[in-house]
Amino acid sequence: MKVLGSPGSPFVRKVRVIAAEKNIPIEYVVERPNVEGSRIPDLNPLGKIPVLLLDDGEALYDSVVIGEYLDGLKAEPRLVPADFAGRIAVKRLEALGDGLAEIAVTISHDYGPMNDPEKRAGWMPRQYDKLKRTLGFLQRSIEGRSWLHGDRFGLADICAGYALFYLDQVVADVAWRRSHPGLAAYAERLAARGSFRSTVPAQN
Ligand SMILES: N[C@@H](CCC(=O)N[C@@H](CS)C(=O)NCC(=O)O)C(=O)O
């Protein structure tokens with residue numbers, strides 16, 4: 001089983017952290033989606049990474065599906081609660097982490113309505129507002145607790161962690177640690193985990 005992707009992708013780190021937490025050996029192959037000869041468009045019609053290539057040749061995407069697959073391969077450690085309400089709560093936190101990373105990708109790489117300065121002037125503050133609202137939500141959610149959902153580490157924490165660390169990489173001017181000290185302390189606990197330490201992205 002191989003995960004295809006590049007070091008600059010937060011979603012690739014997300015699935016590598018999930019695999020490490022589940023203790024599932026997974027080969028990481030650097031494969032960029034938008035270079036001549038890339039296999040990615042043949043494996044994923046959307047042309048996006050990460051792609052999980054199974055031993056029988058089947059390709060899985062996107063990071064949500066890959067995460068679900070890896071979590072389902074082994075019962076323990078459970079990253080998503082079994083009960084319906086708990087599962088939905090954690091999946092909502094996953095959506096928040098993924099959304100945070102998506103906005104950061106857009107701001108830092110895609111730049112939104114680049115060619116229209118008037119539209120762009122309104123667009124950029126809206127993206128920063130989304131980041132600030134989400135950071136505020138996460139800060140309130142972690143107040144007085146160790147982990148985002150229930151009393152054990154899980155998918156919600158993986159998603160908050162990979163997204164927050166991606167902000168450090170590409171939109172450092174948000175300086176979220178200064179404005180959200182509770183979130184910063186939580187992030188220190190996440191960063192100390194083997195899964196995060198072993199997946200620190202190389203300089204592209
Ligand atoms: N929702 C997808 C997002 C994947 C994604 O946006 N990947 C980016 C890299 S960070 C990509 O492959 N971009 C190349 C492209 O869109 O052409 C997931 O969770 O896997």
# chains A, B, ... in the order shown; residues from 1 in each chain; ligands from 1

$ closest_atom_pairs --of "chain A" --to "ligand 1" --cutoff "8 Å" --atoms "only C-alpha atoms and all ligand atoms" --output "Markdown table"
| residue | atom | partner | partner_atom_place_in_ligand_line | distance |
| --- | --- | --- | --- | --- |
| A:Gly5 | CA | ligand 1 | 12 (O) | 7.8 |
| A:Ser6 | CA | ligand 1 | 9 (C) | 7.8 |
| A:Gly8 | CA | ligand 1 | 10 (S) | 6.8 |
| A:Ser9 | CA | ligand 1 | 10 (S) | 3.9 |
| A:Pro10 | CA | ligand 1 | 10 (S) | 5.7 |
| A:Phe11 | CA | ligand 1 | 20 (O) | 5.4 |
| A:Val12 | CA | ligand 1 | 20 (O) | 7.4 |
| A:Arg32 | CA | ligand 1 | 12 (O) | 7.9 |
| A:Pro33 | CA | ligand 1 | 14 (C) | 5.7 |
| A:Asn34 | CA | ligand 1 | 17 (O) | 6.0 |
| A:Leu46 | CA | ligand 1 | 16 (O) | 7.2 |
| A:Gly47 | CA | ligand 1 | 17 (O) | 5.6 |
| A:Lys48 | CA | ligand 1 | 12 (O) | 3.1 |
| A:Ile49 | CA | ligand 1 | 12 (O) | 4.0 |
| A:Pro50 | CA | ligand 1 | 20 (O) | 5.5 |
| A:Val51 | CA | ligand 1 | 20 (O) | 7.8 |
| A:Tyr61 | CA | ligand 1 | 20 (O) | 6.3 |
| A:Asp62 | CA | ligand 1 | 20 (O) | 3.7 |
| A:Ser63 | CA | ligand 1 | 20 (O) | 3.8 |
| A:Val64 | CA | ligand 1 | 19 (O) | 5.7 |
| A:Asp98 | CA | ligand 1 | 19 (O) | 6.6 |
| A:Glu102 | CA | ligand 1 | 6 (O) | 6.8 |
| A:Val105 | CA | ligand 1 | 10 (S) | 6.4 |

$ write_last_selection --atoms "N, CA and C atoms" --output "CSV table (one decimal), in the first residue's frame"
chain,number,residue,atom,x,y,z
A,5,GLY,N,1.9,11.4,-3.1
A,5,GLY,CA,1.6,12.9,-2.9
A,5,GLY,C,2.9,13.6,-2.8
A,6,SER,N,2.8,14.9,-2.5
A,6,SER,CA,4.1,15.7,-2.3
A,6,SER,C,4.1,16.3,-1.0
A,8,GLY,N,4.5,19.3,0.1
A,8,GLY,CA,3.8,20.5,0.3
A,8,GLY,C,2.3,20.4,0.6
A,9,SER,N,1.7,19.2,0.5
A,9,SER,CA,0.3,19.0,0.6
A,9,SER,C,-0.1,18.7,2.0
A,10,PRO,N,-1.0,19.5,2.7
A,10,PRO,CA,-1.4,19.2,4.0
A,10,PRO,C,-2.2,18.0,4.1
A,11,PHE,N,-3.0,17.7,3.0
A,11,PHE,CA,-3.9,16.5,3.0
A,11,PHE,C,-3.1,15.2,3.0
A,12,VAL,N,-1.9,15.3,2.3
A,12,VAL,CA,-1.0,14.1,2.3
A,12,VAL,C,-0.5,13.9,3.7
A,32,ARG,N,4.0,14.3,-7.8
A,32,ARG,CA,3.3,15.6,-8.0
A,32,ARG,C,2.2,15.5,-9.0
A,33,PRO,N,1.1,16.1,-8.7
A,33,PRO,CA,-0.1,15.9,-9.7
A,33,PRO,C,0.1,16.7,-11.0
A,34,ASN,N,0.8,17.8,-11.0
A,34,ASN,CA,0.7,18.7,-12.2
A,34,ASN,C,2.0,18.8,-12.9
A,46,LEU,N,-9.8,13.7,-10.6
A,46,LEU,CA,-9.8,15.0,-10.2
A,46,LEU,C,-8.3,15.6,-10.2
A,47,GLY,N,-7.4,14.7,-10.4
A,47,GLY,CA,-6.0,15.1,-10.5
A,47,GLY,C,-5.4,15.6,-9.2
A,48,LYS,N,-5.9,15.1,-8.1
A,48,LYS,CA,-5.5,15.7,-6.8
A,48,LYS,C,-4.8,14.6,-6.0
A,49,ILE,N,-3.9,15.1,-5.1
A,49,ILE,CA,-3.3,14.2,-4.1
A,49,ILE,C,-3.9,14.5,-2.7
A,50,PRO,N,-3.9,13.6,-1.8
A,50,PRO,CA,-3.3,12.3,-1.8
A,50,PRO,C,-4.1,11.2,-2.6
A,51,VAL,N,-3.4,10.2,-3.1
A,51,VAL,CA,-4.0,9.0,-3.6
A,51,VAL,C,-3.4,7.8,-2.8
A,61,TYR,N,-9.2,7.9,-3.0
A,61,TYR,CA,-9.1,9.4,-2.8
A,61,TYR,C,-10.5,9.8,-2.3
A,62,ASP,N,-10.7,10.9,-1.7
A,62,ASP,CA,-9.7,11.9,-1.2
A,62,ASP,C,-9.3,11.5,0.2
A,63,SER,N,-8.7,12.5,0.9
A,63,SER,CA,-8.2,12.2,2.3
A,63,SER,C,-9.3,11.7,3.2
A,64,VAL,N,-10.5,12.1,3.0
A,64,VAL,CA,-11.6,11.7,3.9
A,64,VAL,C,-11.8,10.2,3.7
A,98,ASP,N,-10.1,20.2,7.6
A,98,ASP,CA,-9.9,20.2,6.1
A,98,ASP,C,-10.2,21.6,5.5
A,102,GLU,N,-7.9,24.0,3.4
A,102,GLU,CA,-8.3,24.4,2.0
A,102,GLU,C,-8.1,25.9,1.8
A,105,VAL,N,-4.6,26.7,1.5
A,105,VAL,CA,-4.1,26.4,0.1
A,105,VAL,C,-4.5,27.5,-0.8

$ select_by_dssp --residues "segment 12-147 of chain A" --states "strand (DSSP E or B)" --output "short mmCIF file (atom, residue, chain, number, x, y, z; two decimals) with N, CA and C atoms, in the first residue's frame"
data_model
loop_
_atom_site.label_atom_id
_atom_site.label_comp_id
_atom_site.auth_asym_id
_atom_site.auth_seq_id
_atom_site.Cartn_x
_atom_site.Cartn_y
_atom_site.Cartn_z
N GLU A 27 3.87 3.01 2.43
CA GLU A 27 5.02 3.60 1.73
C GLU A 27 4.61 4.97 1.19
N TYR A 28 5.48 5.95 1.41
CA TYR A 28 5.18 7.30 0.93
C TYR A 28 5.99 7.54 -0.34
N VAL A 29 5.28 7.77 -1.44
CA VAL A 29 5.95 7.98 -2.73
C VAL A 29 5.67 9.41 -3.18
N VAL A 30 6.73 10.18 -3.40
CA VAL A 30 6.52 11.56 -3.84
C VAL A 30 6.10 11.54 -5.31
N VAL A 51 -3.38 10.22 -3.08
CA VAL A 51 -4.01 9.01 -3.62
C VAL A 51 -3.43 7.85 -2.83
N LEU A 52 -4.29 6.95 -2.40
CA LEU A 52 -3.80 5.72 -1.74
C LEU A 52 -3.90 4.60 -2.76
N LEU A 53 -2.74 4.05 -3.09
CA LEU A 53 -2.69 2.97 -4.08
C LEU A 53 -2.64 1.64 -3.34
N ALA A 59 -7.16 2.58 -6.65
CA ALA A 59 -6.72 3.86 -6.09
C ALA A 59 -7.86 4.48 -5.27
N LEU A 60 -7.52 4.95 -4.07
CA LEU A 60 -8.52 5.61 -3.23
C LEU A 60 -8.19 7.08 -3.07
#

$ atom_distance --atom1 "atom CA of Gly122 of chain A" --atom2 "atom CA of Ile103 of chain A"
15.0 Å

$ closest_residue --among "A:Ala191, A:Met1, A:Leu167, A:Ile107" --to "Leu54 of chain A" --atoms "only C-alpha atoms"
A:Met1

$ atom_distance --atom1 "atom CA of Ala121 of chain A" --atom2 "atom CA of Gln169 of chain A"
23.3 Å

$ select_by_dssp --residues "chain A" --states "helix (DSSP H, G or I)" --output "PyMOL selection string"
chain A and resi 10-22+40-43+63-73+84-110+117-142+155-170+172-174+176-179+181-191+194-197

$ closest_atom_pairs --of "segment 74-108 of chain A" --to "segment 16-24 of chain A" --cutoff "9 Å" --atoms "only C-alpha atoms" --output "Markdown table"
| residue | atom | partner | partner_atom | distance |
| --- | --- | --- | --- | --- |
| A:Lys74 | CA | A:Lys22 | CA | 7.3 |
| A:Ala75 | CA | A:Lys22 | CA | 8.9 |
| A:Glu76 | CA | A:Lys22 | CA | 7.1 |
| A:Pro77 | CA | A:Lys22 | CA | 6.1 |
| A:Arg78 | CA | A:Lys22 | CA | 8.2 |
| A:Leu79 | CA | A:Lys22 | CA | 8.3 |

$ closest_atom_pairs --of "segment 21-110 of chain A" --to "segment 124-142 of chain A" --cutoff "10 Å" --atoms "only C-alpha atoms" --output "CSV"
residue,atom,partner,partner_atom,distance
A:Leu93,CA,A:Leu138,CA,8.7
A:Leu96,CA,A:Thr134,CA,7.1
A:Gly97,CA,A:Thr134,CA,8.6
A:Gly99,CA,A:Thr134,CA,8.8
A:Leu100,CA,A:Leu131,CA,6.3
A:Ala101,CA,A:Leu131,CA,9.3
A:Ile103,CA,A:Gln127,CA,6.6
A:Ala104,CA,A:Leu131,CA,8.3
A:Thr106,CA,A:Gln127,CA,8.8
A:Ile107,CA,A:Gln127,CA,7.5

$ residues_around --residues "segment 143-150 of chain A" --least-positions-apart "4" --cutoff "8 Å" --atoms "only C-alpha atoms" --output "PyMOL selection string"
chain A and resi 86+89-90+139+154+156-157+182+186

$ atom_distance --atom1 "atom CA of Lys91 of chain A" --atom2 "atom CA of Phe196 of chain A"
20.1 Å

$ decode --residues "segment 114-143 of chain A" --atoms "C-alpha atoms" --output "PDB file, in the first residue's frame"
ATOM      1  CA  MET A 114      -6.311  37.155  -8.916  1.00  0.00           C
ATOM      2  CA  ASN A 115      -7.024  39.110 -12.051  1.00  0.00           C
ATOM      3  CA  ASP A 116      -9.726  41.359 -10.715  1.00  0.00           C
ATOM      4  CA  PRO A 117      -8.237  43.701  -8.073  1.00  0.00           C
ATOM      5  CA  GLU A 118     -11.672  44.958  -7.027  1.00  0.00           C
ATOM      6  CA  LYS A 119     -13.064  41.474  -6.369  1.00  0.00           C
ATOM      7  CA  ARG A 120      -9.787  40.423  -4.836  1.00  0.00           C
ATOM      8  CA  ALA A 121      -9.877  43.318  -2.344  1.00  0.00           C
ATOM      9  CA  GLY A 122     -13.079  41.922  -0.846  1.00  0.00           C
ATOM     10  CA  TRP A 123     -12.150  38.289  -1.294  1.00  0.00           C
ATOM     11  CA  MET A 124      -8.955  38.161   0.762  1.00  0.00           C
ATOM     12  CA  PRO A 125     -10.411  39.588   4.021  1.00  0.00           C
ATOM     13  CA  ARG A 126     -13.291  37.103   3.705  1.00  0.00           C
ATOM     14  CA  GLN A 127     -10.786  34.231   3.643  1.00  0.00           C
ATOM     15  CA  TYR A 128      -8.997  35.593   6.715  1.00  0.00           C
ATOM     16  CA  ASP A 129     -12.364  35.982   8.473  1.00  0.00           C
ATOM     17  CA  LYS A 130     -13.054  32.288   7.811  1.00  0.00           C
ATOM     18  CA  LEU A 131      -9.673  31.392   9.295  1.00  0.00           C
ATOM     19  CA  LYS A 132     -10.291  33.566  12.361  1.00  0.00           C
ATOM     20  CA  ARG A 133     -13.797  32.173  12.950  1.00  0.00           C
ATOM     21  CA  THR A 134     -12.532  28.605  12.673  1.00  0.00           C
ATOM     22  CA  LEU A 135      -9.566  29.272  14.965  1.00  0.00           C
ATOM     23  CA  GLY A 136     -11.945  30.841  17.500  1.00  0.00           C
ATOM     24  CA  PHE A 137     -14.248  27.834  17.287  1.00  0.00           C
ATOM     25  CA  LEU A 138     -11.367  25.417  17.834  1.00  0.00           C
ATOM     26  CA  GLN A 139     -10.024  27.485  20.741  1.00  0.00           C
ATOM     27  CA  ARG A 140     -13.444  27.434  22.442  1.00  0.00           C
ATOM     28  CA  SER A 141     -13.801  23.705  21.713  1.00  0.00           C
ATOM     29  CA  ILE A 142     -10.513  22.776  23.408  1.00  0.00           C
ATOM     30  CA  GLU A 143     -11.010  24.959  26.481  1.00  0.00           C
TER      31      GLU A 143
END
